[in-house]
Amino acid sequence: MAMDITGRKLFVKALLEEGVDTVFGYPGGMVTDILDELYKHEEIELVLPRHEQGLIHEAEGYTKATGKVGVCIVTSGPGATNIITGLADAHYDNIPLVCITGQVPRSLIGNDAFQEVDIVGMTRSITKYGVTVQDRKELGKILKMAFHIAKTGKPGPVLIDLPKDIQTASGPGEYPQSVSIRGYKPNESVHIGQLKKGYKLLKAAQRPLFLIGGGVNIAKANDKMLRLVEKTKIPVVTTIMGKGAVPTDHPYYVGNSGMHGKYAANMAVGQCDVLFSIGTRFNDRITGDLNEFAPKAQIVHVDIDTASISRNVVVDVPIVADANLALEKLLEWAEPQDTGEWLKQIYEWEKENPLEMRRDKGMTPQMIMEQINEQFPEGIIVTDVGQHQMWAAQYIELNGKKQFITSGGLGTMGFGFPAAIGAKIGCPQKQVVCISGDGGMQMNIQELATAMVQEANVIVCILNNYYLGMVRQMQQLFYGKRYEATCLRQRKSCPRDCKGPGPSCPPYEPDFVKLAESYGACGIRVTQEAEIAPAFEKAKEQKTPVLIEFMIATEEIVLPMVKGGNPMTEMILK
């Protein structure tokens, strides 16, 4: 029998047994015991952010970049409520996190104690598992369950609420090697009969198409996916989260489909006769009008999550499986198909409406993305949410040497910069480039201090168009140019019915270059195409984080675009 030890000692022992080397933590009354215990262990590095929202996005970026489970520690009350957005983000994008929230002692729970909230109740719908530890004897088992549940099956965030008295109470010192959980049996097989049925449909198709979602990237099944595509000669479209599942310069890769997808990709989905999809939830950004989605196709759907199949799009052949296992089997059966005519049709669509922004009116987002492609052949590209994210999804080239990290399901502004810091902490030897907008950047700008103290020299590209661009674009196209609450320069004294920038506009706040410098970082402003490459050259030489502000035109919009709820083949192109 191991000797009895305190809960806080068992907690740190659990982290060490799980191979945790980095913890993202912010102190407070109800986690001081845990942090005091961590102080004794040099093998676990504690990253101190400047805000708990920054903390959990950093943990997400770290996890995406390294494949390890991210670990967060925050105090009770506001510490806990500040991570809710990140929990929802991780839940939608299937990022394995173990989040520990401090809680008031059990004797005070339910008494409206200082900094007490029912965080488990609040986050039940956005965590894979959440529990308040009520019994010190159960602590080891609960922590083991947390790590197991977070990373198996469809990964996701887990929340363990740890009352202060459990942290100091003595109890068993064992940390279990394994755990069996009643009612939790992630699927680790593949139904061969169903998969055969799906493959049979695919083989008989005249116009077959693969639609690949984030599940293939999460399963790290990219190599198998590429081999399957090359063996069958079947073209591929991806969701934004699936981008990179096959190299973007591959002749069979058509592009992203969906609301801001490529013309050829959306047309291919509209005209294919068998759509074989792997690891996507078919959310509304991909399908548009459900009645008009892939209307000519029989749909085969492989997903690890039973609940995702036929929830949005009713499919013909449902297959519950891990992407890796399904692809392994498909590779055994795969044979080349005659897709020559079909590919020719797709290349025709591509020629009709290629992805291209004008090159005669100054610096465009496309030029910036092309320079990023050229300057950073390897590394990690992280984006925030908005127009810049769509331009990155359209123009950033991905191959086996590059990773693309973005917020998909929740679309969280403020995600990009902290996630990039987390990625850099996890992979210090890799180049990390963050692409953000001027709006999202200001949601977690305080993490510049974290980047400085962590010596995480990320390169941040801010595409500044003075507006909350994604909503501004909708106002321009569908709301009669009534730019309500989207101009970030608008002051109290401005005229109410402003239709866009003019010579009398006030200056933009903040001055991002000065702001970067005030944190001790490097700030660069770029106003024309010729300055893009030199800015990146300079940025690569810096030991500190670098913030490059690209001044882009206010009126640049993301095209193609499908109006919400319309069929995906009805694209606004000009």
# chains A, B, ... in the order shown; residues from 1 in each chain; ligands from 1

$ closest_atom_pairs --of "region 384-485 of chain A" --to "region 341-355 of chain A" --cutoff "12 Å" --atoms "only C-alpha atoms" --output "CSV"
residue,atom,partner,partner_atom,distance
A:Trp391,CA,A:Leu355,CA,10.2
A:Ala393,CA,A:Leu355,CA,11.6
A:Gln394,CA,A:Leu355,CA,7.8
A:Tyr395,CA,A:Leu355,CA,8.4

$ residues_around --residues "Pro96 (chain A)" --least-positions-apart "6" --cutoff "7 Å" --atoms "only C-alpha atoms" --output "list in words"
Val69, Gly70, Ala150, Lys151, Pro155, Gly156 and Pro157 of chain A

$ write_last_selection --atoms "N, CA, C and O atoms" --output "PDB file, in the first residue's frame"
ATOM      1  N   VAL A  69      -2.207  16.444 -24.464  1.00  0.00           N
ATOM      2  CA  VAL A  69      -3.377  17.028 -23.811  1.00  0.00           C
ATOM      3  C   VAL A  69      -2.967  18.341 -23.139  1.00  0.00           C
ATOM      4  O   VAL A  69      -1.951  18.395 -22.441  1.00  0.00           O
ATOM      5  N   GLY A  70      -3.749  19.399 -23.355  1.00  0.00           N
ATOM      6  CA  GLY A  70      -3.461  20.681 -22.708  1.00  0.00           C
ATOM      7  C   GLY A  70      -4.023  20.699 -21.295  1.00  0.00           C
ATOM      8  O   GLY A  70      -5.128  20.208 -21.068  1.00  0.00           O
ATOM      9  N   ALA A 150     -10.594  12.847 -22.249  1.00  0.00           N
ATOM     10  CA  ALA A 150     -10.215  13.993 -23.100  1.00  0.00           C
ATOM     11  C   ALA A 150      -9.617  13.533 -24.423  1.00  0.00           C
ATOM     12  O   ALA A 150      -9.893  14.111 -25.466  1.00  0.00           O
ATOM     13  N   LYS A 151      -8.779  12.481 -24.386  1.00  0.00           N
ATOM     14  CA  LYS A 151      -8.000  12.177 -25.594  1.00  0.00           C
ATOM     15  C   LYS A 151      -8.505  10.987 -26.410  1.00  0.00           C
ATOM     16  O   LYS A 151      -8.051  10.780 -27.528  1.00  0.00           O
ATOM     17  N   PRO A 155     -12.030  13.586 -29.391  1.00  0.00           N
ATOM     18  CA  PRO A 155     -11.418  14.300 -28.264  1.00  0.00           C
ATOM     19  C   PRO A 155     -12.218  15.528 -27.855  1.00  0.00           C
ATOM     20  O   PRO A 155     -13.063  16.008 -28.610  1.00  0.00           O
ATOM     21  N   GLY A 156     -11.934  16.034 -26.657  1.00  0.00           N
ATOM     22  CA  GLY A 156     -12.650  17.227 -26.203  1.00  0.00           C
ATOM     23  C   GLY A 156     -12.194  17.655 -24.823  1.00  0.00           C
ATOM     24  O   GLY A 156     -11.349  17.009 -24.199  1.00  0.00           O
ATOM     25  N   PRO A 157     -12.759  18.763 -24.328  1.00  0.00           N
ATOM     26  CA  PRO A 157     -12.342  19.293 -23.035  1.00  0.00           C
ATOM     27  C   PRO A 157     -13.063  18.618 -21.860  1.00  0.00           C
ATOM     28  O   PRO A 157     -14.235  18.256 -21.973  1.00  0.00           O
TER      29      PRO A 157
END

$ residues_around --residues "Met441 (chain A)" --least-positions-apart "2" --cutoff "10 Å" --atoms "only C-alpha atoms" --output "NGL selection string"
:A and (384-385 or 413-418 or 435-439 or 443-447 or 460-464 or 512)

$ write_last_selection --atoms "N, CA, C and O atoms" --output "mmCIF file, in the first residue's frame"
data_model
loop_
_atom_site.group_PDB
_atom_site.id
_atom_site.type_symbol
_atom_site.label_atom_id
_atom_site.label_comp_id
_atom_site.auth_asym_id
_atom_site.auth_seq_id
_atom_site.Cartn_x
_atom_site.Cartn_y
_atom_site.Cartn_z
ATOM 1 N N ASP A 384 -6.924 33.997 -36.436
ATOM 2 C CA ASP A 384 -8.039 34.434 -35.609
ATOM 3 C C ASP A 384 -9.312 34.183 -36.436
ATOM 4 O O ASP A 384 -9.305 33.337 -37.332
ATOM 5 N N VAL A 385 -10.366 34.937 -36.186
ATOM 6 C CA VAL A 385 -11.638 34.676 -36.861
ATOM 7 C C VAL A 385 -12.138 35.935 -37.558
ATOM 8 O O VAL A 385 -12.131 37.019 -36.973
ATOM 9 N N MET A 413 -13.449 35.057 -31.983
ATOM 10 C CA MET A 413 -12.501 36.167 -32.099
ATOM 11 C C MET A 413 -11.670 36.198 -30.819
ATOM 12 O O MET A 413 -12.171 35.944 -29.727
ATOM 13 N N GLY A 414 -10.386 36.515 -30.960
ATOM 14 C CA GLY A 414 -9.504 36.526 -29.795
ATOM 15 C C GLY A 414 -8.760 35.211 -29.617
ATOM 16 O O GLY A 414 -7.911 35.080 -28.742
ATOM 17 N N PHE A 415 -9.062 34.216 -30.458
ATOM 18 C CA PHE A 415 -8.421 32.897 -30.369
ATOM 19 C C PHE A 415 -6.996 32.915 -30.921
ATOM 20 O O PHE A 415 -6.081 32.285 -30.373
ATOM 21 N N GLY A 416 -6.814 33.636 -32.036
ATOM 22 C CA GLY A 416 -5.604 33.467 -32.848
ATOM 23 C C GLY A 416 -4.299 33.744 -32.136
ATOM 24 O O GLY A 416 -3.380 32.908 -32.134
ATOM 25 N N PHE A 417 -4.182 34.916 -31.538
ATOM 26 C CA PHE A 417 -2.902 35.310 -30.955
ATOM 27 C C PHE A 417 -2.496 34.409 -29.791
ATOM 28 O O PHE A 417 -1.394 33.854 -29.773
ATOM 29 N N PRO A 418 -3.379 34.183 -28.784
ATOM 30 C CA PRO A 418 -2.969 33.272 -27.717
ATOM 31 C C PRO A 418 -2.703 31.846 -28.210
ATOM 32 O O PRO A 418 -1.758 31.200 -27.753
ATOM 33 N N ILE A 435 -2.150 35.010 -38.113
ATOM 34 C CA ILE A 435 -2.845 35.941 -39.007
ATOM 35 C C ILE A 435 -4.105 36.404 -38.277
ATOM 36 O O ILE A 435 -4.931 35.587 -37.887
ATOM 37 N N SER A 436 -4.216 37.708 -38.058
ATOM 38 C CA SER A 436 -5.337 38.225 -37.264
ATOM 39 C C SER A 436 -5.918 39.456 -37.930
ATOM 40 O O SER A 436 -5.337 40.016 -38.859
ATOM 41 N N GLY A 437 -7.081 39.857 -37.431
ATOM 42 C CA GLY A 437 -7.667 41.119 -37.867
ATOM 43 C C GLY A 437 -7.456 42.150 -36.779
ATOM 44 O O GLY A 437 -7.039 41.822 -35.665
ATOM 45 N N ASP A 438 -7.757 43.405 -37.084
ATOM 46 C CA ASP A 438 -7.563 44.452 -36.073
ATOM 47 C C ASP A 438 -8.586 44.325 -34.958
ATOM 48 O O ASP A 438 -8.340 44.750 -33.832
ATOM 49 N N GLY A 439 -9.751 43.724 -35.258
ATOM 50 C CA GLY A 439 -10.770 43.542 -34.224
ATOM 51 C C GLY A 439 -10.392 42.434 -33.249
ATOM 52 O O GLY A 439 -10.270 42.657 -32.046
ATOM 53 N N MET A 443 -8.939 41.627 -28.752
ATOM 54 C CA MET A 443 -9.675 40.862 -27.742
ATOM 55 C C MET A 443 -8.762 40.162 -26.750
ATOM 56 O O MET A 443 -9.187 39.827 -25.648
ATOM 57 N N ASN A 444 -7.512 39.885 -27.167
ATOM 58 C CA ASN A 444 -6.561 39.298 -26.216
ATOM 59 C C ASN A 444 -5.168 39.906 -26.372
ATOM 60 O O ASN A 444 -4.163 39.222 -26.231
ATOM 61 N N ILE A 445 -5.147 41.218 -26.634
ATOM 62 C CA ILE A 445 -3.890 41.916 -26.887
ATOM 63 C C ILE A 445 -2.948 41.849 -25.688
ATOM 64 O O ILE A 445 -1.738 41.888 -25.813
ATOM 65 N N GLN A 446 -3.536 41.684 -24.471
ATOM 66 C CA GLN A 446 -2.717 41.642 -23.256
ATOM 67 C C GLN A 446 -1.753 40.459 -23.255
ATOM 68 O O GLN A 446 -0.774 40.451 -22.525
ATOM 69 N N GLU A 447 -2.016 39.448 -24.123
ATOM 70 C CA GLU A 447 -1.122 38.285 -24.153
ATOM 71 C C GLU A 447 0.226 38.612 -24.795
ATOM 72 O O GLU A 447 1.135 37.777 -24.783
ATOM 73 N N VAL A 460 3.135 38.084 -35.773
ATOM 74 C CA VAL A 460 1.702 38.344 -35.894
ATOM 75 C C VAL A 460 1.444 39.286 -37.060
ATOM 76 O O VAL A 460 2.030 40.369 -37.118
ATOM 77 N N CYS A 461 0.603 38.859 -37.987
ATOM 78 C CA CYS A 461 0.209 39.711 -39.107
ATOM 79 C C CYS A 461 -1.193 40.227 -38.826
ATOM 80 O O CYS A 461 -2.139 39.443 -38.760
ATOM 81 N N ILE A 462 -1.319 41.526 -38.641
ATOM 82 C CA ILE A 462 -2.650 42.106 -38.445
ATOM 83 C C ILE A 462 -3.097 42.721 -39.765
ATOM 84 O O ILE A 462 -2.417 43.604 -40.290
ATOM 85 N N LEU A 463 -4.208 42.210 -40.298
ATOM 86 C CA LEU A 463 -4.772 42.840 -41.496
ATOM 87 C C LEU A 463 -5.727 43.924 -41.009
ATOM 88 O O LEU A 463 -6.823 43.620 -40.540
ATOM 89 N N ASN A 464 -5.285 45.170 -41.071
ATOM 90 C CA ASN A 464 -6.080 46.260 -40.504
ATOM 91 C C ASN A 464 -6.862 46.983 -41.594
ATOM 92 O O ASN A 464 -6.293 47.644 -42.448
ATOM 93 N N PHE A 512 -0.881 50.244 -33.406
ATOM 94 C CA PHE A 512 -0.384 48.898 -33.096
ATOM 95 C C PHE A 512 1.145 48.830 -32.978
ATOM 96 O O PHE A 512 1.684 48.059 -32.195
#

$ atom_distance --atom1 "CA of Lys540 (chain A)" --atom2 "CA of Lys243 (chain A)"
25.6 Å

$ select_by_dssp --residues "region 270-488 of chain A" --states "strand (DSSP E or B)" --output "MDAnalysis selection string"
chainID A and resid 274:278 288 298:303 317:320 379:383 402:405 432:437 459:464 467 487

$ residues_around --residues "Thr66 (chain A)" --least-positions-apart "4" --cutoff "7 Å" --atoms "only C-alpha atoms" --output "list in words"
Tyr62, Gly426 and Cys427 of chain A

$ residues_around --residues "region 269-278 of chain A" --least-positions-apart "2" --cutoff "10 Å" --atoms "only C-alpha atoms" --output "PyMOL selection string"
chain A and resi 198-199+201-216+225+236-238+242+257-258+264-267+280-282+287+292-304+315-317+319+321-323+326-327+342+346+567-569

$ atom_distance --atom1 "CA of Asp4 (chain A)" --atom2 "CA of Pro172 (chain A)"
4.8 Å

$ residues_around --residues "region 104-112 of chain A" --least-positions-apart "5" --cutoff "10 Å" --atoms "only C-alpha atoms" --output "PyMOL selection string"
chain A and resi 29-31+75-77+117-118+132-135+161-167

$ atom_distance --atom1 "CA of Thr554 (chain A)" --atom2 "CA of Cys487 (chain A)"
9.8 Å

$ residues_around --residues "Lys499 (chain A)" --least-positions-apart "3" --cutoff "8 Å" --atoms "only C-alpha atoms" --output "VMD selection string"
chain A and resid 481 to 483

$ write_last_selection --atoms "N, CA, C and O atoms" --output "PDB file, in the first residue's frame"
ATOM      1  N   LYS A 481     -25.567  49.130 -46.767  1.00  0.00           N
ATOM      2  CA  LYS A 481     -24.384  49.877 -46.299  1.00  0.00           C
ATOM      3  C   LYS A 481     -24.653  50.669 -45.021  1.00  0.00           C
ATOM      4  O   LYS A 481     -24.125  51.770 -44.822  1.00  0.00           O
ATOM      5  N   ARG A 482     -25.496  50.110 -44.161  1.00  0.00           N
ATOM      6  CA  ARG A 482     -25.695  50.738 -42.850  1.00  0.00           C
ATOM      7  C   ARG A 482     -24.660  50.140 -41.903  1.00  0.00           C
ATOM      8  O   ARG A 482     -24.871  49.070 -41.325  1.00  0.00           O
ATOM      9  N   TYR A 483     -23.530  50.837 -41.761  1.00  0.00           N
ATOM     10  CA  TYR A 483     -22.394  50.269 -41.023  1.00  0.00           C
ATOM     11  C   TYR A 483     -22.541  50.496 -39.528  1.00  0.00           C
ATOM     12  O   TYR A 483     -21.834  51.302 -38.929  1.00  0.00           O
TER      13      TYR A 483
END

$ closest_residue --among "A:Glu484, A:Met390, A:Ser178, A:Gln375" --to "Glu537 (chain A)" --atoms "only C-alpha atoms"
A:Gln375

$ select_by_dssp --residues "region 217-252 of chain A" --states "alpha helix (DSSP H)" --output "list of chain:residue names"
A:Asn217, A:Ile218, A:Asn222, A:Asp223, A:Lys224, A:Met225, A:Leu226, A:Arg227, A:Leu228, A:Val229, A:Glu230, A:Lys231, A:Thr232

$ closest_residue --among "A:Leu573, A:Leu515, A:Ala65, A:Ala14" --to "Gly379 (chain A)" --atoms "only C-alpha atoms"
A:Ala65
